[in-house]
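This report refers to the structure that appears directly beneath it.
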Amino acid sequence: MKSIKILGSGCAKCNKLYEMTNQAASQLEIEFEMEKVTDMAKFVEFGVMITPALVVDGEVKVSGSVPSVEKLKKLIKS
């Protein structure tokens, strides 16, 4: 099962990344668990300075942008 975290304050971009990542993972038809992380201390633990950020299985895949659904699918699979 993939562990997917969206790091962000809850801004519009953060919510958009959450929605698009959920869509991408669903299209991949994989088992996954998604979580929104709003605790800034957790951002620092991952080394993230710019949100929103996508973390898959403990690895930061993207920070500071909202990639396309197709790009997100690639990031989730890798």
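Naming scheme: A, B, ... for chains in displayed order of the structure tokens; residues 1 onward per chain; ligands 1 onward as shown.
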Do you know which residues are at most 10 Å from Lys73 in chain A counting only C-alpha atoms, after dropping those on the same chain fewer than 6 positions away, and could you put them as a short mmCIF file (atom, residue, chain, number, x, y, z; two decimals) with all heavy atoms, in the first residue's frame?
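Output file result-v4.cif follows:
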data_model
loop_
_atom_site.label_atom_id
_atom_site.label_comp_id
_atom_site.auth_asym_id
_atom_site.auth_seq_id
_atom_site.Cartn_x
_atom_site.Cartn_y
_atom_site.Cartn_z
N MET A 20 -6.02 16.37 -6.95
CA MET A 20 -5.42 15.81 -8.17
C MET A 20 -4.62 14.54 -7.86
O MET A 20 -4.62 13.61 -8.66
CB MET A 20 -4.56 16.87 -8.85
CG MET A 20 -5.40 17.98 -9.45
SD MET A 20 -4.42 19.26 -10.25
CE MET A 20 -3.79 18.37 -11.67
N THR A 21 -3.96 14.50 -6.71
CA THR A 21 -3.21 13.32 -6.32
C THR A 21 -4.16 12.16 -6.04
O THR A 21 -3.90 11.01 -6.44
CB THR A 21 -2.33 13.60 -5.09
OG1 THR A 21 -1.45 14.69 -5.39
CG2 THR A 21 -1.52 12.38 -4.69
N ASN A 22 -5.27 12.44 -5.40
CA ASN A 22 -6.28 11.42 -5.13
C ASN A 22 -6.82 10.86 -6.45
O ASN A 22 -6.97 9.66 -6.61
CB ASN A 22 -7.41 12.00 -4.27
CG ASN A 22 -8.36 10.95 -3.78
OD1 ASN A 22 -7.95 9.85 -3.41
ND2 ASN A 22 -9.64 11.27 -3.77
N GLN A 23 -7.06 11.75 -7.40
CA GLN A 23 -7.53 11.34 -8.72
C GLN A 23 -6.49 10.47 -9.42
O GLN A 23 -6.81 9.42 -9.98
CB GLN A 23 -7.84 12.59 -9.55
CG GLN A 23 -8.35 12.31 -10.95
CD GLN A 23 -8.61 13.58 -11.74
OE1 GLN A 23 -8.53 14.69 -11.23
NE2 GLN A 23 -8.92 13.44 -13.00
N ALA A 24 -5.23 10.89 -9.38
CA ALA A 24 -4.15 10.15 -10.03
C ALA A 24 -3.99 8.75 -9.43
O ALA A 24 -3.90 7.76 -10.15
CB ALA A 24 -2.84 10.92 -9.93
N ALA A 25 -3.98 8.67 -8.11
CA ALA A 25 -3.81 7.38 -7.44
C ALA A 25 -5.00 6.46 -7.72
O ALA A 25 -4.83 5.26 -7.92
CB ALA A 25 -3.62 7.59 -5.94
N SER A 26 -6.19 7.03 -7.76
CA SER A 26 -7.38 6.24 -8.06
C SER A 26 -7.33 5.68 -9.48
O SER A 26 -7.68 4.52 -9.71
CB SER A 26 -8.65 7.09 -7.89
OG SER A 26 -8.80 7.47 -6.54
N GLN A 27 -6.85 6.48 -10.42
CA GLN A 27 -6.73 6.03 -11.81
C GLN A 27 -5.70 4.91 -11.95
O GLN A 27 -5.82 4.07 -12.83
CB GLN A 27 -6.36 7.20 -12.73
CG GLN A 27 -7.50 8.16 -12.95
CD GLN A 27 -7.10 9.35 -13.83
OE1 GLN A 27 -6.05 9.35 -14.47
NE2 GLN A 27 -7.95 10.37 -13.85
N LEU A 28 -4.69 4.91 -11.07
CA LEU A 28 -3.68 3.86 -11.11
C LEU A 28 -4.21 2.54 -10.56
O LEU A 28 -3.57 1.50 -10.73
CB LEU A 28 -2.44 4.28 -10.30
CG LEU A 28 -1.58 5.37 -10.91
CD1 LEU A 28 -0.53 5.82 -9.91
CD2 LEU A 28 -0.92 4.89 -12.19
N PRO A 67 1.62 19.53 -10.10
CA PRO A 67 1.80 18.90 -11.41
C PRO A 67 0.48 18.39 -11.98
O PRO A 67 -0.52 18.27 -11.26
CB PRO A 67 2.73 17.72 -11.12
CG PRO A 67 3.26 17.93 -9.75
CD PRO A 67 2.27 18.80 -9.04
#
What are the DSSP helix (DSSP H, G or I) residues of chain A, as a PyMOL selection string?
chain A and resi 12-28+40-45+69-77
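Considering the residues A:Gly8, A:Tyr18, A:Met1, A:Ile76 and counting only C-alpha atoms, Met49 in chain A has its shortest atom-to-atom contact with A:Gly8.
With only C-alpha atoms as the atoms that count, the minimum distance from Ser63 in chain A to the choices A:Leu7, A:Lys16, A:Glu45, A:Lys36 is reached by A:Leu7.
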Return the single residue from A:Pro52, A:Lys61, A:Glu70, A:Leu75 that is closest to Lys13 in chain A, with distances computed using only C-alpha atoms.
A:Pro52
Going by DSSP on the backbone, which residues of chain A come out as strand (DSSP E or B)? List them as a PyMOL selection string.
chain A and resi 2-7+32-37+53-56+59-63
Residues just named, written with N, CA and C atoms as a PDB file, in the first residue's frame:
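Printed below is result-v1.pdb as written:
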ATOM      1  N   LYS A   2       0.567   2.178  -0.880  1.00  0.00           N
ATOM      2  CA  LYS A   2       1.304   3.434  -0.963  1.00  0.00           C
ATOM      3  C   LYS A   2       0.830   4.385   0.131  1.00  0.00           C
ATOM      4  N   SER A   3       1.783   5.029   0.763  1.00  0.00           N
ATOM      5  CA  SER A   3       1.490   6.075   1.747  1.00  0.00           C
ATOM      6  C   SER A   3       1.724   7.415   1.052  1.00  0.00           C
ATOM      7  N   ILE A   4       0.667   8.211   0.942  1.00  0.00           N
ATOM      8  CA  ILE A   4       0.749   9.489   0.246  1.00  0.00           C
ATOM      9  C   ILE A   4       0.379  10.601   1.219  1.00  0.00           C
ATOM     10  N   LYS A   5       1.262  11.599   1.314  1.00  0.00           N
ATOM     11  CA  LYS A   5       0.999  12.740   2.188  1.00  0.00           C
ATOM     12  C   LYS A   5       1.062  14.019   1.364  1.00  0.00           C
ATOM     13  N   ILE A   6       0.130  14.913   1.637  1.00  0.00           N
ATOM     14  CA  ILE A   6       0.154  16.243   1.045  1.00  0.00           C
ATOM     15  C   ILE A   6       0.494  17.203   2.176  1.00  0.00           C
ATOM     16  N   LEU A   7       1.635  17.873   2.053  1.00  0.00           N
ATOM     17  CA  LEU A   7       2.060  18.833   3.060  1.00  0.00           C
ATOM     18  C   LEU A   7       1.633  20.217   2.620  1.00  0.00           C
ATOM     19  N   PHE A  32      -3.886   2.710  -1.651  1.00  0.00           N
ATOM     20  CA  PHE A  32      -3.147   3.855  -1.117  1.00  0.00           C
ATOM     21  C   PHE A  32      -3.896   4.459   0.059  1.00  0.00           C
ATOM     22  N   GLU A  33      -3.122   5.160   0.871  1.00  0.00           N
ATOM     23  CA  GLU A  33      -3.668   5.883   2.009  1.00  0.00           C
ATOM     24  C   GLU A  33      -3.177   7.316   1.885  1.00  0.00           C
ATOM     25  N   MET A  34      -4.113   8.270   1.896  1.00  0.00           N
ATOM     26  CA  MET A  34      -3.740   9.681   1.771  1.00  0.00           C
ATOM     27  C   MET A  34      -3.970  10.412   3.073  1.00  0.00           C
ATOM     28  N   GLU A  35      -3.090  11.382   3.299  1.00  0.00           N
ATOM     29  CA  GLU A  35      -3.177  12.173   4.517  1.00  0.00           C
ATOM     30  C   GLU A  35      -2.789  13.615   4.203  1.00  0.00           C
ATOM     31  N   LYS A  36      -3.546  14.557   4.767  1.00  0.00           N
ATOM     32  CA  LYS A  36      -3.167  15.972   4.696  1.00  0.00           C
ATOM     33  C   LYS A  36      -2.356  16.288   5.951  1.00  0.00           C
ATOM     34  N   VAL A  37      -1.193  16.892   5.762  1.00  0.00           N
ATOM     35  CA  VAL A  37      -0.334  17.261   6.882  1.00  0.00           C
ATOM     36  C   VAL A  37      -0.235  18.782   6.914  1.00  0.00           C
ATOM     37  N   ALA A  53       3.485  20.210  -0.970  1.00  0.00           N
ATOM     38  CA  ALA A  53       4.468  19.181  -1.275  1.00  0.00           C
ATOM     39  C   ALA A  53       3.783  17.820  -1.293  1.00  0.00           C
ATOM     40  N   LEU A  54       4.293  16.950  -2.138  1.00  0.00           N
ATOM     41  CA  LEU A  54       3.800  15.580  -2.253  1.00  0.00           C
ATOM     42  C   LEU A  54       4.873  14.641  -1.719  1.00  0.00           C
ATOM     43  N   VAL A  55       4.484  13.802  -0.767  1.00  0.00           N
ATOM     44  CA  VAL A  55       5.396  12.812  -0.196  1.00  0.00           C
ATOM     45  C   VAL A  55       4.795  11.435  -0.446  1.00  0.00           C
ATOM     46  N   VAL A  56       5.564  10.565  -1.099  1.00  0.00           N
ATOM     47  CA  VAL A  56       5.110   9.204  -1.383  1.00  0.00           C
ATOM     48  C   VAL A  56       6.072   8.240  -0.694  1.00  0.00           C
ATOM     49  N   GLU A  59       9.179   9.786   0.788  1.00  0.00           N
ATOM     50  CA  GLU A  59      10.084  10.526  -0.092  1.00  0.00           C
ATOM     51  C   GLU A  59       9.364  11.716  -0.706  1.00  0.00           C
ATOM     52  N   VAL A  60       9.970  12.904  -0.584  1.00  0.00           N
ATOM     53  CA  VAL A  60       9.393  14.106  -1.185  1.00  0.00           C
ATOM     54  C   VAL A  60       9.541  13.995  -2.692  1.00  0.00           C
ATOM     55  N   LYS A  61       8.413  14.055  -3.399  1.00  0.00           N
ATOM     56  CA  LYS A  61       8.415  13.918  -4.859  1.00  0.00           C
ATOM     57  C   LYS A  61       8.313  15.262  -5.557  1.00  0.00           C
ATOM     58  N   VAL A  62       7.606  16.209  -4.943  1.00  0.00           N
ATOM     59  CA  VAL A  62       7.461  17.540  -5.545  1.00  0.00           C
ATOM     60  C   VAL A  62       7.158  18.539  -4.434  1.00  0.00           C
ATOM     61  N   SER A  63       7.646  19.763  -4.627  1.00  0.00           N
ATOM     62  CA  SER A  63       7.418  20.815  -3.644  1.00  0.00           C
ATOM     63  C   SER A  63       7.247  22.150  -4.360  1.00  0.00           C
TER      64      SER A  63
END
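The spacing separating CA of Gly47 in chain A from CA of Val69 in chain A amounts to 24.0 Å.
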Distance in Å - CA of Asn15 in chain A versus CA of Glu29 in chain A:
21.4 Å
So what do you get for CA of Gly10 in chain A versus CA of Thr38 in chain A, distance-wise?
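Result for CA of Gly10 in chain A versus CA of Thr38 in chain A: 6.9 Å, one decimal.
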